[in-house]
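**Q** I am attaching a structure below and will ask some questions about it afterwards.
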Amino acid sequence: MNTSLHPATRVMSLAAALAALSLPLSAQDSTPAPLDKEEEVVMLSEFQVTAAAEDGYRATNALSGTRFKTDLIDLPKAVDVITEEFIADIGALDMYDALRFTGGVESNGASGTDDVTGNNFVLRGISAQTTTYRNGYRSFGRTDPIMVQRIEVIRGPSSVFSGPIEPGGTINIITKRPTKKELVILKARYGTYDRFRSEAVYNTPIGDGKKAAVRFALAHEDFGHMQDFAGHKKTVFGMAADYKVSEKGAFSYDFQYLQMFTQPAAGIPYLNSSVTNSSIIGLEPDVRRTFNRQGPDAYSDNIQIQTNLDYVHTFSDTFSLHAGVYYRVQDLKRLLVGGSTRITESTVTGRRTAARVATYEPNAVSWVVTPQIYLLGKFNYAGIDHSAIVGYDYSYSHSRNDIFQATLPGIDIDNAAPADYSLGNFSSYAVNELRRTKDSEQGVSVSNTFGFWNGRAFFLQGFRFGSVDGTRERLEIADPTARTQSAKNSATAQSYGLSIRLVDRISAFVSYSESFVPQSIGANTSYDYLGNLLDPISGEGWDVGLKFDIKEGVLSGSLVAFDITRANAPTPDPDFPGYFIADAESQARGVEFNLNGRLTKNIQVVGSYAYIDAKITQDTRAERIGWRSSNVPRHQSTVWVNYSFRDGWTKGLKASLGVIYKANRRGNNTLADLPGLQLPGYTRYDGRLGYEKKMWGKKVGFNLSAQNITDIDYQASANGYGEPCTVTGTVSVQF
């Protein structure tokens with residue numbers, strides 16, 4: 001009998017062993033040396049968290065889940081916090097990078113492909129493209145890491161907090177605030193494939209710093225890629241400002257301009273066209289990893305502006321108010337090449353051809369404005385600490401997109417001679433869609449938290465009502481009566497949770513929560529044969545788990561079992577072909593384990609393990625029932641270990657090692673979970689060496705990092721291959 005450990009179990013065993021060996025050491029020095037922190041922001045309220053509350057990789061509280069600062073150990077929800085220091089240590093350059101060591105979170109994207117929003121995630125086995133928030137506002141834009149203080153991940157249905165959301169969970173990005181300390185940070189980074197990034201940050205108080213401070217950030221990237229023709233250039237300008245109006249009120253402002261010009265990769269693993277017994281379809285072998293059917297003329301030129309203005313007012317020790325508004329505008333122009341992923345092989349020459357369909361969008365412009373207001377009350381009576389928050393939010397969006405398409409000659413992938421990648425004359429492209437949409441959403445939420453039994457028990461209750469009202473207009477349709485569709489819909493969601501301290505730093509919790517997300521006004525799959533908008537997609541989920549924070553500041557984590565159902569998803573109407581009904585259902589069950597520790601003053605560890613069984617349980621297409629969710633491994637595990645030298649001549653040196661393991665995954669979301677289509681599992685190793693030292697009165701840093709150290713050939717997702725070994729060097733100066 002084979003008694004060897006599962007690879008995921010081995011990875012977590014390493015983390016557990018480190019924890020066990022280090023606890024006796026940490027008992028000798030239970031107060032780790034404090035990290036260098038910038039001074040506090042101008043004003044801190046119940047609606048804010050800052051880096052000063054973090055200890056390296058560990059955070060003790062979060063906003064997500066309640067919309068006000070709550071201790072994680074008492075919160076009866078599974079919430080993870082990825083801190084600023086951890087994001088910096090792993091060298092993350094986007095949100096996918098930042099979350100790659102977070103268990104149960106998958107990226108559906110592929111390296112180098114066109115990705116407008118940067119939020120194509122899978123949480124707990126459920127696609128989560130609508131689940132990214134920025135400072136508590138729903139966001140469809142990219143956020144550069146130079147702006148990020150922390151990322152909070154709420155697991156499971158969370159519409160009471162997030163509004164319209166998929167049931168897998170919510171990602172809430174908290175941006176950096178200015179501090180009272182004047183500083184300048186300059187950074188340059190160069191790596192494999194001629195990837196260069198430069199950064200500059202300037203933070204300064206205004207006046208004496210007691211009332212106002214401002215932070216400016218600038219970044220520029222010029223990146224090559226492993227595939228032919230592919231790469232991108234990105235420019236980011238950001239600003240954050242805080243202004244204390246009085247002892248009771250303060251404004252905070254956040255702004256980001258992002259311009260990204262991409263020559264996209266075509267990361268999709270290609271399928272062969274042979275079918276054995278009408279059931280086995282496989283991935284096409286021997287396709288060059290550098291092959292890119294996009295060609296040299298495909299591009300995406302995207303400008304995004306995101307900004308939010310918030311006001312916090314503390315009326316008394318009992319009542320406080322948070323009011324704000326978020327605005328995003330996007331101007332997108334792109335010409336992309338797609339088409340079938342099947343490779344066609346000539347029966348005469350034996351040469352293989354990849355299909356090409358060009359899509360041209362010359363003026364895709366959209367904007368959204370979202371005001372919100374929340375009133376928080378904190379009470380104490382009969383030994384109960386009661387916090388109640390009532391909120392209202394509204395969102396209005398408008399989009400315009402003209403889409404043209406053309407079928408082009410295929411590309412011979414076996415011909416060594418230069419191929420003809422010509423995209424033809426745009427004026428000959430056929431009109432696919434001339435779409436205009438207007439969409440308004442609003443919601444009212446009420447949440448209560450009760451702390452009782454001398455702080456050993458914590459109860460959470462929440463309710464939300466939301467509605468959507470939208471119009472879709474398709475100008476290419478000649479009949480004016482069929483050109484415009486209008487729709488209204490509404491839904492409710494509830495949330496309940498109970499957390500009990502079993503001992504001082506260990507709690508057990510159980511929670512039930514619901515979610516909803518309205519069908520997209522602009523999607524053809526959102527309407528039935530009568531032209532009615534389908535009911536919102538709904539979700540419900542149970543969590544049962546343990547949280548621990550052993551020897552506060554030393555070792556924390558959680559063990560959670562979950563069961564989520566996603567219902568009312570669109571599926572083809574069997575009685576009216578070409579139309580849809582809200583009848584598809586899927587389920588995700590599993591167990592998650594997360595570990596975060598400063599085991600000694602030198603060693604920090606972050607580890608995770610997730611078992612996820614996600615599959616389709618109901619569909620009008622009977623053959624799909626039982627299919628696994630695409631790109632979701634049943635077993636996945638990660639560990640990141642960092643050792644910081646704090647004494648002697650090596651003081652300032654950091655050495656880190658990361659391991660990511662994923663089991664095999666279903667490889668295509670439109671085809672069955674066939675053996676030939678399963679993406680093989682893989683184990684990837686990342687590493688880092690860093691050194692910081694005071695030189696000439698300046699803090700100087702040197703960093704050398706590598707991803708995929710062993711240079712394995714693997715498929716990162718169902719949409720693309722992982723990159724080979726990449727090495728990056730970084731130099732930074734702070735003064």
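Ordered as shown in the structure tokens, chains take letters A, B, and onward, while each chain numbers its residues from 1 and ligands are numbered from 1 in the order shown.
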Hey, what's within 12 Å of Ala482 (chain A) if we count only C-alpha atoms and toss same-chain stuff fewer than 3 positions away? As a PyMOL selection string, please?
**A** chain A and resi 472-479+485-486+530-531
**Q** Excluding Ala567 (chain A) and any residue of its chain fewer than 2 positions from it, enumerate the residues within 7 Å of it, using only C-alpha atoms, and give them as a PyMOL selection string.
**A** chain A and resi 537-539+565+569+584-586
**Q** Per DSSP on the backbone, what are the strand (DSSP E or B) residues of region 405-610 of chain A, as an NGL selection string?
**A** :A and (405-412 or 430-452 or 457-474 or 484-503 or 506-517 or 527 or 533 or 537-550 or 555-572 or 580-598 or 603-610)
**Q** Mind checking which residues fall within 6 Å of Leu460 (chain A), counting only C-alpha atoms, ignoring those fewer than 3 positions away in the same chain, and posting them as a PyMOL selection string?
**A** chain A and resi 448-449+496-497
**Q** Those same residues - C-alpha atoms - I'd like them written as an mmCIF file, in the first residue's frame.
**A**
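The file below, result-v1.cif, is the result:
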data_model
loop_
_atom_site.group_PDB
_atom_site.id
_atom_site.type_symbol
_atom_site.label_atom_id
_atom_site.label_comp_id
_atom_site.auth_asym_id
_atom_site.auth_seq_id
_atom_site.Cartn_x
_atom_site.Cartn_y
_atom_site.Cartn_z
ATOM 1 C CA ASN A 448 -26.158 44.325 13.693
ATOM 2 C CA THR A 449 -23.377 42.848 15.776
ATOM 3 C CA TYR A 496 -26.357 35.359 10.262
ATOM 4 C CA GLY A 497 -23.342 34.245 12.226
#
**Q** Residues near Leu309 (chain A), anyone? I mean within 12 Å using only C-alpha atoms, not counting same-chain ones fewer than 6 positions away, as a PyMOL selection string.
**A** chain A and resi 135-137+239-243+250-255+322-327+369-373
**Q** Which one is closest to Thr102 (chain A): A:Thr471, A:Asn642, A:Thr617, A:Asn594? Count only C-alpha atoms.
**A**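 Checking each candidate against Thr102 (chain A), we get A:Asn594 as the closest.
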**Q** Out of A:Gly238, A:Pro269, A:Gly65, A:Gly687, which residue has the shortest atom-to-atom distance to Arg293 (chain A) when counting only C-alpha atoms?
**A**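 Closest to Arg293 (chain A) of all the choices is A:Pro269.
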**Q** Pick the closest to Gly557 (chain A) from A:Tyr429, A:Tyr609, A:Trp696, A:Trp453: which is it, counting only C-alpha atoms?
**A**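 Of A:Tyr429, A:Tyr609, A:Trp696, A:Trp453, the one nearest Gly557 (chain A) is A:Tyr609, counting only C-alpha atoms.
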**Q** May I ask which of the residues A:Tyr512, A:Phe404, A:Tyr381, A:Phe580 is the closest one to Asn363 (chain A), counting only C-alpha atoms?
**A**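 Nearest candidate to Asn363 (chain A) out of A:Tyr512, A:Phe404, A:Tyr381, A:Phe580: A:Phe404.
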**Q** Could you state the separation of CA of Ile521 (chain A) and CA of Ile165 (chain A) in Å, given to one decimal place?
**A** 15.3 Å
**Q** Identify all residues of region 26-212 of chain A in helix (DSSP H, G or I) (DSSP on the backbone) and supply them as a VMD selection string.
**A** chain A and resid 26 to 28 51 to 53 84 to 89 95 to 98 145 to 147 159 to 162
**Q** Find the residues around Arg684 (chain A) up to 6 Å (only C-alpha atoms counted), leave out those fewer than 2 positions away in its own chain, and share them as a list in words.
**A** Val659, Ile660 and Asn708 of chain A
**Q** Once you have the residues from the selection above, write them out as a compact mmCIF listing (two decimals), in the first residue's frame, restricted to N, CA and C atoms.
**A**
# COMPACT_ATOMS: atom_id res chain seq x y z
N VAL A 659 6.06 27.94 -2.18
CA VAL A 659 5.67 26.73 -2.91
C VAL A 659 4.18 26.80 -3.20
N ILE A 660 3.81 26.54 -4.46
CA ILE A 660 2.41 26.51 -4.87
C ILE A 660 2.13 25.15 -5.48
N ASN A 708 8.89 30.38 -10.53
CA ASN A 708 9.06 29.10 -11.24
C ASN A 708 10.55 28.76 -11.34
**Q** Using only C-alpha atoms, which of A:Gly729, A:Gly597, A:Pro675, A:Pro409 sits nearest Ser556 (chain A)?
**A**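 Of all the options, A:Gly597 lies closest to Ser556 (chain A).
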**Q** Find the distance between CA of Ala610 (chain A) and CA of Val632 (chain A) and write it in Å to one decimal.
**A**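 Separation of CA of Ala610 (chain A) and CA of Val632 (chain A): 10.6 Å.
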**Q** By how many Å are CA of Gly112 (chain A) and CA of Thr192 (chain A) apart?
**A**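 Rounded to one decimal, the two atoms are 14.0 Å apart.
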**Q** What's the 12 Å shell around Glu723 (chain A), counting only C-alpha atoms, without same-chain residues fewer than 3 positions away, as a CSV table (one decimal) with C-alpha atoms, in the first residue's frame?
**A**
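Now in selection.csv:
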chain,number,residue,atom,x,y,z
A,110,ALA,CA,-3.6,34.0,-18.7
A,111,SER,CA,-0.3,35.7,-18.8
A,112,GLY,CA,-0.1,38.6,-21.3
A,192,THR,CA,13.4,38.4,-17.8
A,193,TYR,CA,11.9,39.3,-21.2
A,225,HIS,CA,6.5,38.4,-23.0
A,226,MET,CA,7.4,34.8,-23.7
A,227,GLN,CA,5.1,34.8,-26.8
A,265,ALA,CA,-0.7,37.0,-26.0
A,267,GLY,CA,-2.4,32.0,-24.1
A,289,ARG,CA,4.8,28.1,-26.4
A,290,THR,CA,6.0,31.2,-28.3
A,684,ARG,CA,5.9,25.6,-8.5
A,706,ALA,CA,12.6,34.3,-9.1
A,707,GLN,CA,9.3,32.7,-10.1
A,708,ASN,CA,9.1,29.1,-11.2
A,709,ILE,CA,12.6,28.4,-10.1
A,710,THR,CA,12.7,24.9,-11.5
A,711,ASP,CA,11.4,26.1,-14.9
A,712,ILE,CA,8.5,23.6,-15.1
A,713,ASP,CA,6.2,23.5,-18.1
A,714,TYR,CA,2.7,23.9,-16.8
A,715,GLN,CA,-0.8,25.2,-17.5
A,716,ALA,CA,-1.6,28.0,-15.1
A,717,SER,CA,-5.3,28.0,-16.0
A,720,GLY,CA,-3.2,29.8,-20.7
A,726,THR,CA,11.6,34.5,-14.7
A,727,VAL,CA,14.2,36.4,-12.6
**Q** Please determine, counting only C-alpha atoms, which residue among A:Ile612, A:Leu75, A:Leu599, A:Val160 has the shortest atom-to-atom distance to Ser515 (chain A).
**A** A:Val160
**Q** Per residue of region 268-356 of chain A within 12 Å of region 170-177 of chain A, record the nearest atom pair and its distance in Å to one decimal, counting only C-alpha atoms, with rows in chain order and ascending residue number, as a Markdown table.
**A**
| residue | atom | partner | partner_atom | distance |
| --- | --- | --- | --- | --- |
| A:Gln306 | CA | A:Thr175 | CA | 11.7 |
| A:Thr307 | CA | A:Thr175 | CA | 11.0 |
| A:Asn308 | CA | A:Thr175 | CA | 10.7 |
